[in-house]
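Peer 1: Structure provided below as structure tokens; questions to follow.
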Amino acid sequence: HNQAKTRIDSLGVHYYYWPFVLRWRTINWSDIQQVHIKNISPLTDFGGWGYKLVRKKKGIILSGDKAIYIHLKNEKVFAITTNQPEQARSAISLWAVEKLV
């Protein structure tokens, strides 16, 4: 079944989403302006679920009402829904503080 996976570490935010993103991709900390967890409404914010592209926003939008919002330096936004918002928040606070300047 379709499942997105996310990993946050010293390099950046990594994601995988079969069958659309078939290998792990990385958004490097050097390309990120800001990253945070926020509430999401899949229909209102992205027009539904799945691998979405809406104006300058791209997202892997699955179940849940929380998402990792990544604001890129090129003014685009990438969002990934998460069912582990507290773990994501911990990883962001661990890595982003030192990497985002």
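For the structure tokens, the naming scheme is as follows: chains receive sequential letters (A, B, ...) according to their order of presentation, residues are indexed from 1 within each chain, and ligands are indexed from 1 in presentation order.
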Could you please write out, as a ChimeraX atom specification, every residue of range 6-86 of chain A that DSSP assigns to strand (DSSP E or B)?
Peer 2: /A:6-8,12-18,21-28,32-39,50-54,57-61,66-72,77-81
Peer 1: Would you kindly return, as a count of residues only, each protein, DNA or RNA residue with an atom no farther than 7 Å from any atom of Tyr16 in chain A, considering only C-alpha atoms and excluding same-chain residues fewer than 2 positions away?
Peer 2: 9
Peer 1: Rank nothing, just name the residue among A:Ile40, A:Leu72, A:Val97, A:Val54 nearest to Pro85 in chain A, using only C-alpha atoms.
Peer 2: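 That would be A:Ile40, the residue with the smallest distance to Pro85 in chain A.
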Peer 1: Between A:Leu53, A:Leu100, A:Ile37, A:Leu11, which is the closest to Ile68 in chain A once you count only C-alpha atoms?
Peer 2: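 Of A:Leu53, A:Leu100, A:Ile37, A:Leu11, the one nearest Ile68 in chain A is A:Ile37, counting only C-alpha atoms.
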Peer 1: Could you name the residues that touch Ile80 in chain A at 9 Å or less, counting only C-alpha atoms, but leaving out those on the same chain fewer than 5 positions away, as JSON, numbers by chain?
Peer 2: {"A": [4, 6, 15, 58, 59, 60, 61, 62, 66, 67, 68, 69, 70]}
Peer 1: Write out the residues from the selection above, keeping N, CA and C atoms, as a compact mmCIF listing (two decimals), in the first residue's frame.
Peer 2:
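File produced: again.txt:
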```txt
# COMPACT_ATOMS: atom_id res chain seq x y z
N ALA A 4 4.28 6.80 2.86
CA ALA A 4 5.37 7.75 2.81
C ALA A 4 6.25 7.51 4.03
N THR A 6 9.59 9.24 6.19
CA THR A 6 10.35 10.47 6.39
C THR A 6 11.45 10.21 7.40
N TYR A 15 12.82 11.74 2.26
CA TYR A 15 11.47 11.19 2.10
C TYR A 15 11.44 10.16 0.98
N LYS A 58 4.22 21.81 -2.86
CA LYS A 58 4.23 20.42 -3.26
C LYS A 58 4.07 19.62 -1.98
N GLY A 59 3.43 18.47 -2.07
CA GLY A 59 3.28 17.70 -0.84
C GLY A 59 2.97 16.24 -1.06
N ILE A 60 3.34 15.48 -0.06
CA ILE A 60 2.93 14.09 0.05
C ILE A 60 1.89 14.10 1.15
N ILE A 61 0.62 14.07 0.74
CA ILE A 61 -0.49 14.29 1.65
C ILE A 61 -1.26 13.00 1.82
N LEU A 62 -1.13 12.40 3.00
CA LEU A 62 -1.82 11.15 3.29
C LEU A 62 -2.73 11.38 4.49
N LYS A 66 -1.56 16.45 10.76
CA LYS A 66 -0.31 17.17 11.03
C LYS A 66 0.65 16.94 9.88
N ALA A 67 1.44 17.96 9.57
CA ALA A 67 2.41 17.83 8.48
C ALA A 67 3.70 18.54 8.84
N ILE A 68 4.78 18.03 8.26
CA ILE A 68 6.08 18.70 8.33
C ILE A 68 6.07 19.69 7.17
N TYR A 69 6.11 20.98 7.48
CA TYR A 69 6.14 22.03 6.46
C TYR A 69 7.57 22.50 6.30
N ILE A 70 8.09 22.39 5.08
CA ILE A 70 9.46 22.79 4.80
C ILE A 70 9.40 24.00 3.86
```
Peer 1: One number please: CA of Ala91 in chain A to CA of Asp65 in chain A, in Å, one decimal.
Peer 2: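 That distance, rounded to one decimal, is 18.9 Å.
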